[in-house]
Amino acid sequence: MNAETVERAPRRYGMVIDLDRCSGCGACMVACSAENNVPPAHPQATERTGITLLRVVQVKDAASRGVAFIPMMCQQCGDDTPCMTVCPQQAVEVDKLTGVVEQMPQRCLGCRYCMTACPFQARFFNWWDPEWPAGMETTLNPGAAPRMRGVVEKCDFCQSRMHAAEDKAAMEGSREFEYTPACVEACPTRAIVFGDLNDPESDVSRQARNSFRFLERLGTGPKVYYRSRRPWLRTLASRVGAPPKKENGNG
Amino acid sequence: MLAAGWLLFPALLYTSTPQPAQFSHQAHGEAAGLTCDTCHGFTAEGRFAGIPTTESCAGCHSGLLGETESEKHFFANFVEPGREVNWLIYSRQPDNVRFSHARHVQVGKMECAECHGPHGESESLKAFERNRISGYSRDIWGPRMLRVGLKPGQGMKMDDCMACHRDRQVEAGCLGCHR
């Protein structure tokens with residue numbers, strides 16, 4: 001490869017999620033699991049030991065009697081990425097070309113420091129070997145390798161879809177492409193916008209200007225932005241609360 | 001003792017299986033005037049189509065074209081009954097590897113032989129050697145146990161990918177090549 005085929009300018013993928021549009025239907029969770037080859041939950045799995053790379057969390061506000069649904073996934077922290085700094089295996093890296101926080105199951109030794117470090121609880125450990133009911137393995141996505149028992153996984157903004165878009169562009173001799181993660185495509189209310197934050201003209205950049213991020217004061221520079229007109233949701237976003245009582249029951 | 005070990009170890013480490021049918025790349029390439037991408041092409045989505053199906057072989061070989069034993073064997077066992085050949089793939093990577101042929105060939109303008117070696121000139125298919133421990137093809141590690149003095153196109157480990165990327169200063173990140 002010569003000088004003219006140098007990589008394209010680095011992107012910084014990000015999302016803006018409009019919480020006033022989210023109806024909590026969970027279509028994004030289903031699309032996410034299907035795209036990333038997440039197996040059906042083990043019978044013993046709990047909210048924390050099962051794998052939900054994207055979770056829709058219900059929150060309530062007593063004072064205004066408000067209810068909201070918050071789609072939570074890896075927030076792709078860009079500054080002092082907590083999971084990356086604690087990983088003893090260098091199994092986590094922030095990709096220089098896309099800004100995506102990469103999790104390498106091949107290197108992961110399963111110590112789960114990253115899960116402790118993650119302020120968003122967006123990382124999940126494979127407590128069981130993946131198993132699909134007979135016949136369902138034919139529906140697996142060939143673009144995503146299933147993970148084995150004993151490693152941590154998380155959302156990577158559907159790299160499988162990015163790879164497919166990259167390959168298709170390459171057939172036309174191009175490096176320029178755009179792609180849509182599964183959750184964005186599945187959302188019936190179009191609550192999620194995805195794109196390149198480095199491009200000031202993109203939808204995601206424009207919407208990110210009028211938005212907030214969860215736990216912004218921790219300074220981890222998440223690249224997933226949220227929007228809402230409801231003030232109590234904005235307050236909630238900066239509050240570090242006790243984890244729900246139901247969680248982590250088995251362990 | 002040490003020498004014996006080095007000779008014995010590769011023989012014990014790999015199982016050797018002959019391919020289910022024989023094929024001469026040389027006869028098809030030079031003599032019949034075909035290029036790599038005549039049979040090993042891409043789909044429109046940029047997915048590498050790999051090894052051709054019996055149907056695409058039968059596109060030319062609807063009847064016997066030559067007089068070789070291997071063609072007769074192939075015709076009688078695969079074309080006539082319409083069976084697919086269960087080829088053993090020398091360069092098969094593990095599931096977690098994402099290699100985009102489209103990116104390397106269409107955009108990077110690389111030759112097939114730069115990774116696959118000059119097997120387009122081979123007269124017959126060698127036996128497929130499988131590592132008993134990892135299950136990988138021997139072509140991934142390369143023909144030499146110590147991996148010294150490997151020629152370009154020998155060895156398909158991550159080290160080999162990385163060496164080339166480093167030389168050409170092409171950044172790929174982890175998830176550029178893993179999935």
# chains A, B, ... in the order shown; residues from 1 in each chain; ligands from 1

$ residues_around --residues "region 138-149 of chain B" --least-positions-apart "5" --cutoff "7 Å" --atoms "only C-alpha atoms" --output "MDAnalysis selection string"
chainID B and resid 90:91 129:131 154:157

$ residues_around --residues "Glu30 (chain B)" --least-positions-apart "3" --cutoff "12 Å" --atoms "only C-alpha atoms" --output "PyMOL selection string"
chain B and resi 24-27+33-36+120-123

$ write_last_selection --atoms "C-alpha atoms" --output "mmCIF file, in the first residue's frame"
data_model
loop_
_atom_site.group_PDB
_atom_site.id
_atom_site.type_symbol
_atom_site.label_atom_id
_atom_site.label_comp_id
_atom_site.auth_asym_id
_atom_site.auth_seq_id
_atom_site.Cartn_x
_atom_site.Cartn_y
_atom_site.Cartn_z
ATOM 1 C CA SER B 24 -3.778 -28.566 -10.518
ATOM 2 C CA HIS B 25 -3.656 -24.792 -10.202
ATOM 3 C CA GLN B 26 -0.991 -24.764 -12.875
ATOM 4 C CA ALA B 27 -3.119 -26.568 -15.458
ATOM 5 C CA GLY B 33 -5.659 -19.012 -19.089
ATOM 6 C CA LEU B 34 -7.647 -18.434 -15.883
ATOM 7 C CA THR B 35 -6.705 -15.984 -13.146
ATOM 8 C CA CYS B 36 -7.264 -16.325 -9.378
ATOM 9 C CA GLY B 120 -1.244 -20.793 -8.072
ATOM 10 C CA GLU B 121 1.695 -22.468 -9.772
ATOM 11 C CA SER B 122 1.390 -25.786 -7.955
ATOM 12 C CA GLU B 123 0.632 -28.941 -9.898
#

$ residues_around --residues "Phe214 (chain A)" --least-positions-apart "3" --cutoff "10 Å" --atoms "only C-alpha atoms" --output "VMD selection string"
chain A and resid 72 75 119 to 120 217 to 218 221 to 222 224 to 226 233 to 240

$ write_last_selection --atoms "N, CA, C and O atoms" --output "PDB file, in the first residue's frame"
ATOM      1  N   MET A  72     -29.346   1.766  28.183  1.00  0.00           N
ATOM      2  CA  MET A  72     -27.960   1.908  28.666  1.00  0.00           C
ATOM      3  C   MET A  72     -27.084   0.863  27.985  1.00  0.00           C
ATOM      4  O   MET A  72     -27.403  -0.316  27.991  1.00  0.00           O
ATOM      5  N   GLN A  75     -20.823   3.256  27.383  1.00  0.00           N
ATOM      6  CA  GLN A  75     -20.902   4.673  27.029  1.00  0.00           C
ATOM      7  C   GLN A  75     -19.652   5.127  26.268  1.00  0.00           C
ATOM      8  O   GLN A  75     -19.490   6.295  25.988  1.00  0.00           O
ATOM      9  N   PRO A 119     -18.476   2.644  35.601  1.00  0.00           N
ATOM     10  CA  PRO A 119     -19.494   3.348  36.376  1.00  0.00           C
ATOM     11  C   PRO A 119     -20.911   3.107  35.849  1.00  0.00           C
ATOM     12  O   PRO A 119     -21.879   3.456  36.511  1.00  0.00           O
ATOM     13  N   PHE A 120     -21.025   2.527  34.682  1.00  0.00           N
ATOM     14  CA  PHE A 120     -22.341   2.360  34.060  1.00  0.00           C
ATOM     15  C   PHE A 120     -22.839   0.921  34.124  1.00  0.00           C
ATOM     16  O   PHE A 120     -23.899   0.610  33.612  1.00  0.00           O
ATOM     17  N   ARG A 217     -19.740  14.124  35.588  1.00  0.00           N
ATOM     18  CA  ARG A 217     -18.754  14.727  36.489  1.00  0.00           C
ATOM     19  C   ARG A 217     -17.614  13.781  36.829  1.00  0.00           C
ATOM     20  O   ARG A 217     -16.607  14.190  37.383  1.00  0.00           O
ATOM     21  N   LEU A 218     -17.761  12.511  36.498  1.00  0.00           N
ATOM     22  CA  LEU A 218     -16.643  11.593  36.728  1.00  0.00           C
ATOM     23  C   LEU A 218     -15.508  11.852  35.746  1.00  0.00           C
ATOM     24  O   LEU A 218     -14.392  11.374  35.915  1.00  0.00           O
ATOM     25  N   GLY A 221     -15.609  11.140  29.956  1.00  0.00           N
ATOM     26  CA  GLY A 221     -15.864  11.504  28.562  1.00  0.00           C
ATOM     27  C   GLY A 221     -16.670  10.501  27.769  1.00  0.00           C
ATOM     28  O   GLY A 221     -16.230  10.058  26.708  1.00  0.00           O
ATOM     29  N   PRO A 222     -17.886  10.148  28.248  1.00  0.00           N
ATOM     30  CA  PRO A 222     -18.701   9.194  27.489  1.00  0.00           C
ATOM     31  C   PRO A 222     -19.080   9.764  26.119  1.00  0.00           C
ATOM     32  O   PRO A 222     -19.206  10.981  25.974  1.00  0.00           O
ATOM     33  N   VAL A 224     -21.838   8.594  24.564  1.00  0.00           N
ATOM     34  CA  VAL A 224     -23.276   8.385  24.399  1.00  0.00           C
ATOM     35  C   VAL A 224     -23.973   9.529  25.129  1.00  0.00           C
ATOM     36  O   VAL A 224     -23.777   9.726  26.322  1.00  0.00           O
ATOM     37  N   TYR A 225     -24.744  10.299  24.379  1.00  0.00           N
ATOM     38  CA  TYR A 225     -25.420  11.474  24.909  1.00  0.00           C
ATOM     39  C   TYR A 225     -26.901  11.176  25.049  1.00  0.00           C
ATOM     40  O   TYR A 225     -27.450  10.368  24.316  1.00  0.00           O
ATOM     41  N   TYR A 226     -27.546  11.859  25.995  1.00  0.00           N
ATOM     42  CA  TYR A 226     -28.989  11.687  26.202  1.00  0.00           C
ATOM     43  C   TYR A 226     -29.676  13.041  26.136  1.00  0.00           C
ATOM     44  O   TYR A 226     -29.069  14.063  26.455  1.00  0.00           O
ATOM     45  N   LEU A 233     -34.925  14.084  35.015  1.00  0.00           N
ATOM     46  CA  LEU A 233     -34.062  13.103  34.348  1.00  0.00           C
ATOM     47  C   LEU A 233     -32.626  13.612  34.260  1.00  0.00           C
ATOM     48  O   LEU A 233     -31.670  12.868  34.415  1.00  0.00           O
ATOM     49  N   ARG A 234     -32.516  14.909  34.047  1.00  0.00           N
ATOM     50  CA  ARG A 234     -31.183  15.502  33.990  1.00  0.00           C
ATOM     51  C   ARG A 234     -30.485  15.420  35.350  1.00  0.00           C
ATOM     52  O   ARG A 234     -29.293  15.173  35.435  1.00  0.00           O
ATOM     53  N   THR A 235     -31.269  15.640  36.421  1.00  0.00           N
ATOM     54  CA  THR A 235     -30.715  15.540  37.774  1.00  0.00           C
ATOM     55  C   THR A 235     -30.267  14.107  38.048  1.00  0.00           C
ATOM     56  O   THR A 235     -29.200  13.863  38.589  1.00  0.00           O
ATOM     57  N   LEU A 236     -31.122  13.184  37.604  1.00  0.00           N
ATOM     58  CA  LEU A 236     -30.837  11.765  37.817  1.00  0.00           C
ATOM     59  C   LEU A 236     -29.515  11.361  37.159  1.00  0.00           C
ATOM     60  O   LEU A 236     -28.748  10.567  37.691  1.00  0.00           O
ATOM     61  N   ALA A 237     -29.265  11.954  35.997  1.00  0.00           N
ATOM     62  CA  ALA A 237     -28.094  11.566  35.217  1.00  0.00           C
ATOM     63  C   ALA A 237     -26.792  11.850  35.948  1.00  0.00           C
ATOM     64  O   ALA A 237     -25.780  11.200  35.700  1.00  0.00           O
ATOM     65  N   SER A 238     -26.828  12.835  36.861  1.00  0.00           N
ATOM     66  CA  SER A 238     -25.567  13.175  37.519  1.00  0.00           C
ATOM     67  C   SER A 238     -25.494  12.586  38.921  1.00  0.00           C
ATOM     68  O   SER A 238     -24.565  12.841  39.671  1.00  0.00           O
ATOM     69  N   ARG A 239     -26.521  11.797  39.301  1.00  0.00           N
ATOM     70  CA  ARG A 239     -26.563  11.264  40.657  1.00  0.00           C
ATOM     71  C   ARG A 239     -25.978   9.854  40.681  1.00  0.00           C
ATOM     72  O   ARG A 239     -26.276   9.040  39.815  1.00  0.00           O
ATOM     73  N   VAL A 240     -25.149   9.593  41.654  1.00  0.00           N
ATOM     74  CA  VAL A 240     -24.666   8.229  41.831  1.00  0.00           C
ATOM     75  C   VAL A 240     -25.514   7.601  42.922  1.00  0.00           C
ATOM     76  O   VAL A 240     -25.398   7.950  44.085  1.00  0.00           O
TER      77      VAL A 240
END

$ select_by_dssp --residues "region 10-157 of chain B" --states "helix (DSSP H, G or I)" --output "PyMOL selection string"
chain B and resi 10-13+25-31+36-39+54-58+69-79+101-107+113-116+119-121+138-141

$ write_last_selection --atoms "C-alpha atoms" --output "mmCIF file, in the first residue's frame"
data_model
loop_
_atom_site.group_PDB
_atom_site.id
_atom_site.type_symbol
_atom_site.label_atom_id
_atom_site.label_comp_id
_atom_site.auth_asym_id
_atom_site.auth_seq_id
_atom_site.Cartn_x
_atom_site.Cartn_y
_atom_site.Cartn_z
ATOM 1 C CA PRO B 10 6.148 -31.853 13.897
ATOM 2 C CA ALA B 11 5.263 -35.342 12.750
ATOM 3 C CA LEU B 12 3.419 -35.985 16.015
ATOM 4 C CA LEU B 13 1.849 -32.542 16.233
ATOM 5 C CA HIS B 25 -3.656 -24.792 -10.202
ATOM 6 C CA GLN B 26 -0.991 -24.764 -12.875
ATOM 7 C CA ALA B 27 -3.119 -26.568 -15.458
ATOM 8 C CA HIS B 28 -6.018 -24.190 -14.839
ATOM 9 C CA GLY B 29 -3.955 -21.031 -14.573
ATOM 10 C CA GLU B 30 -1.275 -21.178 -17.241
ATOM 11 C CA ALA B 31 -2.741 -23.700 -19.626
ATOM 12 C CA CYS B 36 -7.264 -16.325 -9.378
ATOM 13 C CA ASP B 37 -10.469 -14.304 -9.407
ATOM 14 C CA THR B 38 -12.088 -16.428 -12.114
ATOM 15 C CA CYS B 39 -12.825 -19.041 -9.461
ATOM 16 C CA THR B 54 -19.073 -27.940 -7.879
ATOM 17 C CA GLU B 55 -21.685 -26.142 -9.941
ATOM 18 C CA SER B 56 -19.233 -23.443 -10.985
ATOM 19 C CA CYS B 57 -16.620 -26.103 -11.842
ATOM 20 C CA ALA B 58 -19.252 -27.853 -13.935
ATOM 21 C CA GLU B 69 -7.114 -39.469 -13.684
ATOM 22 C CA SER B 70 -7.895 -36.630 -11.263
ATOM 23 C CA GLU B 71 -10.432 -35.097 -13.624
ATOM 24 C CA LYS B 72 -12.124 -38.465 -14.163
ATOM 25 C CA HIS B 73 -12.263 -38.970 -10.400
ATOM 26 C CA PHE B 74 -13.675 -35.491 -9.841
ATOM 27 C CA PHE B 75 -16.232 -35.909 -12.609
ATOM 28 C CA ALA B 76 -17.455 -39.306 -11.491
ATOM 29 C CA ASN B 77 -17.594 -38.502 -7.785
ATOM 30 C CA PHE B 78 -18.709 -34.891 -7.674
ATOM 31 C CA VAL B 79 -19.993 -33.455 -10.961
ATOM 32 C CA HIS B 101 -10.274 -9.757 1.251
ATOM 33 C CA ALA B 102 -12.057 -6.789 -0.329
ATOM 34 C CA ARG B 103 -10.057 -4.291 1.738
ATOM 35 C CA HIS B 104 -6.737 -5.919 0.926
ATOM 36 C CA VAL B 105 -7.304 -6.710 -2.744
ATOM 37 C CA GLN B 106 -9.644 -3.980 -3.990
ATOM 38 C CA VAL B 107 -8.404 -1.063 -1.906
ATOM 39 C CA ALA B 113 0.304 -14.599 -3.583
ATOM 40 C CA GLU B 114 1.552 -12.027 -1.061
ATOM 41 C CA CYS B 115 -0.301 -13.947 1.667
ATOM 42 C CA HIS B 116 -1.173 -17.237 0.016
ATOM 43 C CA HIS B 119 0.330 -21.992 -4.832
ATOM 44 C CA GLY B 120 -1.244 -20.793 -8.072
ATOM 45 C CA GLU B 121 1.695 -22.468 -9.772
ATOM 46 C CA ARG B 138 -0.288 -26.002 9.406
ATOM 47 C CA ASP B 139 -0.222 -23.124 6.922
ATOM 48 C CA ILE B 140 -1.169 -20.766 9.744
ATOM 49 C CA TRP B 141 2.032 -21.487 11.666
#

$ interface_residues --of "chain A" --to "chain B" --cutoff "6 Å" --atoms "only C-alpha atoms" --output "count of residues only"
9

$ residues_around --residues "Pro18 (chain B)" --least-positions-apart "3" --cutoff "9 Å" --atoms "only C-alpha atoms" --output "number ranges by chain"
B: 21-22, 88, 125-129

$ write_last_selection --atoms "C-alpha atoms" --output "short mmCIF file (atom, residue, chain, number, x, y, z; two decimals), in the first residue's frame"
data_model
loop_
_atom_site.label_atom_id
_atom_site.label_comp_id
_atom_site.auth_asym_id
_atom_site.auth_seq_id
_atom_site.Cartn_x
_atom_site.Cartn_y
_atom_site.Cartn_z
CA ALA B 21 -10.13 -34.52 -4.92
CA GLN B 22 -7.01 -33.44 -6.77
CA LEU B 88 -9.87 -28.88 3.50
CA LEU B 125 -2.84 -30.18 -3.81
CA LYS B 126 -0.67 -31.12 -0.88
CA ALA B 127 -2.06 -33.06 2.06
CA PHE B 128 -3.88 -30.97 4.65
CA GLU B 129 -2.04 -30.93 7.96
#

$ closest_residue --among "A:Cys87, A:Val193, A:Ile70, A:Val59" --to "Leu19 (chain A)" --atoms "only C-alpha atoms"
A:Ile70

$ residues_around --residues "Gln121 (chain A)" --least-positions-apart "3" --cutoff "9 Å" --atoms "only C-alpha atoms" --output "PyMOL selection string"
chain A and resi 48+72-74+115-118+124

$ write_last_selection --atoms "all heavy atoms" --output "PDB file, in the first residue's frame"
ATOM      1  N   ARG A  48     -27.667  -9.364  36.611  1.00  0.00           N
ATOM      2  CA  ARG A  48     -26.242  -9.061  36.453  1.00  0.00           C
ATOM      3  C   ARG A  48     -25.460 -10.208  35.830  1.00  0.00           C
ATOM      4  O   ARG A  48     -24.421  -9.995  35.226  1.00  0.00           O
ATOM      5  CB  ARG A  48     -25.605  -8.718  37.819  1.00  0.00           C
ATOM      6  CG  ARG A  48     -25.737  -7.275  38.228  1.00  0.00           C
ATOM      7  CD  ARG A  48     -25.296  -6.277  37.187  1.00  0.00           C
ATOM      8  NE  ARG A  48     -23.856  -6.080  37.092  1.00  0.00           N
ATOM      9  CZ  ARG A  48     -23.245  -5.526  36.033  1.00  0.00           C
ATOM     10  NH1 ARG A  48     -23.944  -5.132  34.993  1.00  0.00           N
ATOM     11  NH2 ARG A  48     -21.956  -5.364  36.023  1.00  0.00           N
ATOM     12  N   MET A  72     -29.346   1.766  28.183  1.00  0.00           N
ATOM     13  CA  MET A  72     -27.960   1.908  28.666  1.00  0.00           C
ATOM     14  C   MET A  72     -27.084   0.863  27.985  1.00  0.00           C
ATOM     15  O   MET A  72     -27.403  -0.316  27.991  1.00  0.00           O
ATOM     16  CB  MET A  72     -27.895   1.661  30.172  1.00  0.00           C
ATOM     17  CG  MET A  72     -28.358   2.813  31.021  1.00  0.00           C
ATOM     18  SD  MET A  72     -27.306   4.248  30.846  1.00  0.00           S
ATOM     19  CE  MET A  72     -26.094   3.948  32.077  1.00  0.00           C
ATOM     20  N   MET A  73     -25.983   1.317  27.428  1.00  0.00           N
ATOM     21  CA  MET A  73     -24.996   0.377  26.895  1.00  0.00           C
ATOM     22  C   MET A  73     -23.645   0.942  27.261  1.00  0.00           C
ATOM     23  O   MET A  73     -23.576   1.934  27.978  1.00  0.00           O
ATOM     24  CB  MET A  73     -25.168   0.215  25.377  1.00  0.00           C
ATOM     25  CG  MET A  73     -24.741   1.390  24.528  1.00  0.00           C
ATOM     26  SD  MET A  73     -25.842   2.773  24.633  1.00  0.00           S
ATOM     27  CE  MET A  73     -27.035   2.364  23.389  1.00  0.00           C
ATOM     28  N   CYS A  74     -22.582   0.332  26.794  1.00  0.00           N
ATOM     29  CA  CYS A  74     -21.257   0.892  27.032  1.00  0.00           C
ATOM     30  C   CYS A  74     -21.269   2.323  26.532  1.00  0.00           C
ATOM     31  O   CYS A  74     -21.687   2.599  25.415  1.00  0.00           O
ATOM     32  CB  CYS A  74     -20.198   0.084  26.285  1.00  0.00           C
ATOM     33  SG  CYS A  74     -18.578   0.907  26.300  1.00  0.00           S
ATOM     34  N   MET A 115     -15.373  -4.682  35.141  1.00  0.00           N
ATOM     35  CA  MET A 115     -16.783  -4.590  35.511  1.00  0.00           C
ATOM     36  C   MET A 115     -16.953  -3.776  36.779  1.00  0.00           C
ATOM     37  O   MET A 115     -17.920  -3.038  36.943  1.00  0.00           O
ATOM     38  CB  MET A 115     -17.360  -5.996  35.714  1.00  0.00           C
ATOM     39  CG  MET A 115     -17.479  -6.769  34.430  1.00  0.00           C
ATOM     40  SD  MET A 115     -17.991  -8.463  34.690  1.00  0.00           S
ATOM     41  CE  MET A 115     -19.656  -8.237  35.304  1.00  0.00           C
ATOM     42  N   THR A 116     -15.980  -3.910  37.681  1.00  0.00           N
ATOM     43  CA  THR A 116     -16.014  -3.121  38.904  1.00  0.00           C
ATOM     44  C   THR A 116     -15.748  -1.654  38.599  1.00  0.00           C
ATOM     45  O   THR A 116     -16.350  -0.759  39.185  1.00  0.00           O
ATOM     46  CB  THR A 116     -14.930  -3.634  39.879  1.00  0.00           C
ATOM     47  OG1 THR A 116     -15.039  -5.052  39.949  1.00  0.00           O
ATOM     48  CG2 THR A 116     -15.077  -3.047  41.251  1.00  0.00           C
ATOM     49  N   ALA A 117     -14.827  -1.428  37.644  1.00  0.00           N
ATOM     50  CA  ALA A 117     -14.443  -0.055  37.337  1.00  0.00           C
ATOM     51  C   ALA A 117     -15.509   0.685  36.550  1.00  0.00           C
ATOM     52  O   ALA A 117     -15.619   1.905  36.651  1.00  0.00           O
ATOM     53  CB  ALA A 117     -13.136  -0.055  36.541  1.00  0.00           C
ATOM     54  N   CYS A 118     -16.306  -0.039  35.798  1.00  0.00           N
ATOM     55  CA  CYS A 118     -17.263   0.622  34.899  1.00  0.00           C
ATOM     56  C   CYS A 118     -18.364   1.314  35.702  1.00  0.00           C
ATOM     57  O   CYS A 118     -19.121   0.664  36.415  1.00  0.00           O
ATOM     58  CB  CYS A 118     -17.891  -0.392  33.945  1.00  0.00           C
ATOM     59  SG  CYS A 118     -19.140   0.359  32.877  1.00  0.00           S
ATOM     60  N   PHE A 124     -20.422  -7.214  30.979  1.00  0.00           N
ATOM     61  CA  PHE A 124     -21.040  -8.466  31.422  1.00  0.00           C
ATOM     62  C   PHE A 124     -20.064  -9.620  31.298  1.00  0.00           C
ATOM     63  O   PHE A 124     -19.271  -9.669  30.356  1.00  0.00           O
ATOM     64  CB  PHE A 124     -22.319  -8.732  30.621  1.00  0.00           C
ATOM     65  CG  PHE A 124     -23.372  -7.702  30.899  1.00  0.00           C
ATOM     66  CD1 PHE A 124     -23.405  -6.522  30.175  1.00  0.00           C
ATOM     67  CD2 PHE A 124     -24.271  -7.894  31.923  1.00  0.00           C
ATOM     68  CE1 PHE A 124     -24.355  -5.553  30.458  1.00  0.00           C
ATOM     69  CE2 PHE A 124     -25.225  -6.935  32.210  1.00  0.00           C
ATOM     70  CZ  PHE A 124     -25.268  -5.761  31.482  1.00  0.00           C
TER      71      PHE A 124
END

$ select_by_dssp --residues "region 23-212 of chain A" --states "strand (DSSP E)" --output "PyMOL selection string"
chain A and resi 55-61+66-72+92-94+101-103+124-125+152-153+192-196

$ closest_residue --among "A:Glu178, A:Asp156, A:Glu137, A:Glu166" --to "Ser202 (chain A)" --atoms "only C-alpha atoms"
A:Glu178

$ atom_distance --atom1 "CA of Asn37 (chain A)" --atom2 "CA of Leu140 (chain A)"
5.9 Å

$ atom_distance --atom1 "CA of Lys223 (chain A)" --atom2 "CA of Ser174 (chain A)"
26.7 Å

$ atom_distance --atom1 "CA of Glu102 (chain A)" --atom2 "CA of Ala163 (chain B)"
21.3 Å

$ residues_around --residues "Cys108 (chain A)" --least-positions-apart "2" --cutoff "8 Å" --atoms "only C-alpha atoms" --output "JSON, numbers by chain"
{"A": [89, 91, 104, 105, 106, 110, 111, 151, 152]}

$ write_last_selection --atoms "N, CA and C atoms" --output "mmCIF file, in the first residue's frame"
data_model
loop_
_atom_site.group_PDB
_atom_site.id
_atom_site.type_symbol
_atom_site.label_atom_id
_atom_site.label_comp_id
_atom_site.auth_asym_id
_atom_site.auth_seq_id
_atom_site.Cartn_x
_atom_site.Cartn_y
_atom_site.Cartn_z
ATOM 1 N N GLN A 89 -4.533 -7.088 31.358
ATOM 2 C CA GLN A 89 -4.209 -7.882 30.172
ATOM 3 C C GLN A 89 -4.104 -7.052 28.905
ATOM 4 N N ALA A 91 -6.540 -5.985 27.475
ATOM 5 C CA ALA A 91 -7.604 -6.539 26.644
ATOM 6 C C ALA A 91 -8.605 -5.462 26.249
ATOM 7 N N MET A 104 -11.332 -7.200 23.936
ATOM 8 C CA MET A 104 -10.783 -8.351 23.238
ATOM 9 C C MET A 104 -10.972 -9.612 24.066
ATOM 10 N N PRO A 105 -12.010 -10.398 23.785
ATOM 11 C CA PRO A 105 -12.251 -11.607 24.582
ATOM 12 C C PRO A 105 -11.065 -12.572 24.532
ATOM 13 N N GLN A 106 -10.280 -12.525 23.459
ATOM 14 C CA GLN A 106 -9.143 -13.434 23.326
ATOM 15 C C GLN A 106 -8.092 -13.175 24.399
ATOM 16 N N GLY A 110 -10.710 -12.807 32.561
ATOM 17 C CA GLY A 110 -11.919 -12.992 33.360
ATOM 18 C C GLY A 110 -11.814 -12.489 34.786
ATOM 19 N N CYS A 111 -10.906 -11.543 35.069
ATOM 20 C CA CYS A 111 -10.746 -11.063 36.452
ATOM 21 C C CYS A 111 -11.881 -10.133 36.862
ATOM 22 N N VAL A 151 -15.078 -14.913 29.959
ATOM 23 C CA VAL A 151 -14.582 -13.624 29.479
ATOM 24 C C VAL A 151 -15.675 -12.564 29.594
ATOM 25 N N VAL A 152 -15.207 -11.305 29.567
ATOM 26 C CA VAL A 152 -16.124 -10.175 29.690
ATOM 27 C C VAL A 152 -16.468 -9.663 28.294
#

$ closest_residue --among "A:Arg213, A:Arg65, A:Arg206, A:Arg190" --to "Asp18 (chain A)" --atoms "only C-alpha atoms"
A:Arg190

$ closest_residue --among "B:Arg166, B:Arg132, B:Lys151, B:His40" --to "Tyr14 (chain B)" --atoms "only C-alpha atoms"
B:Arg132
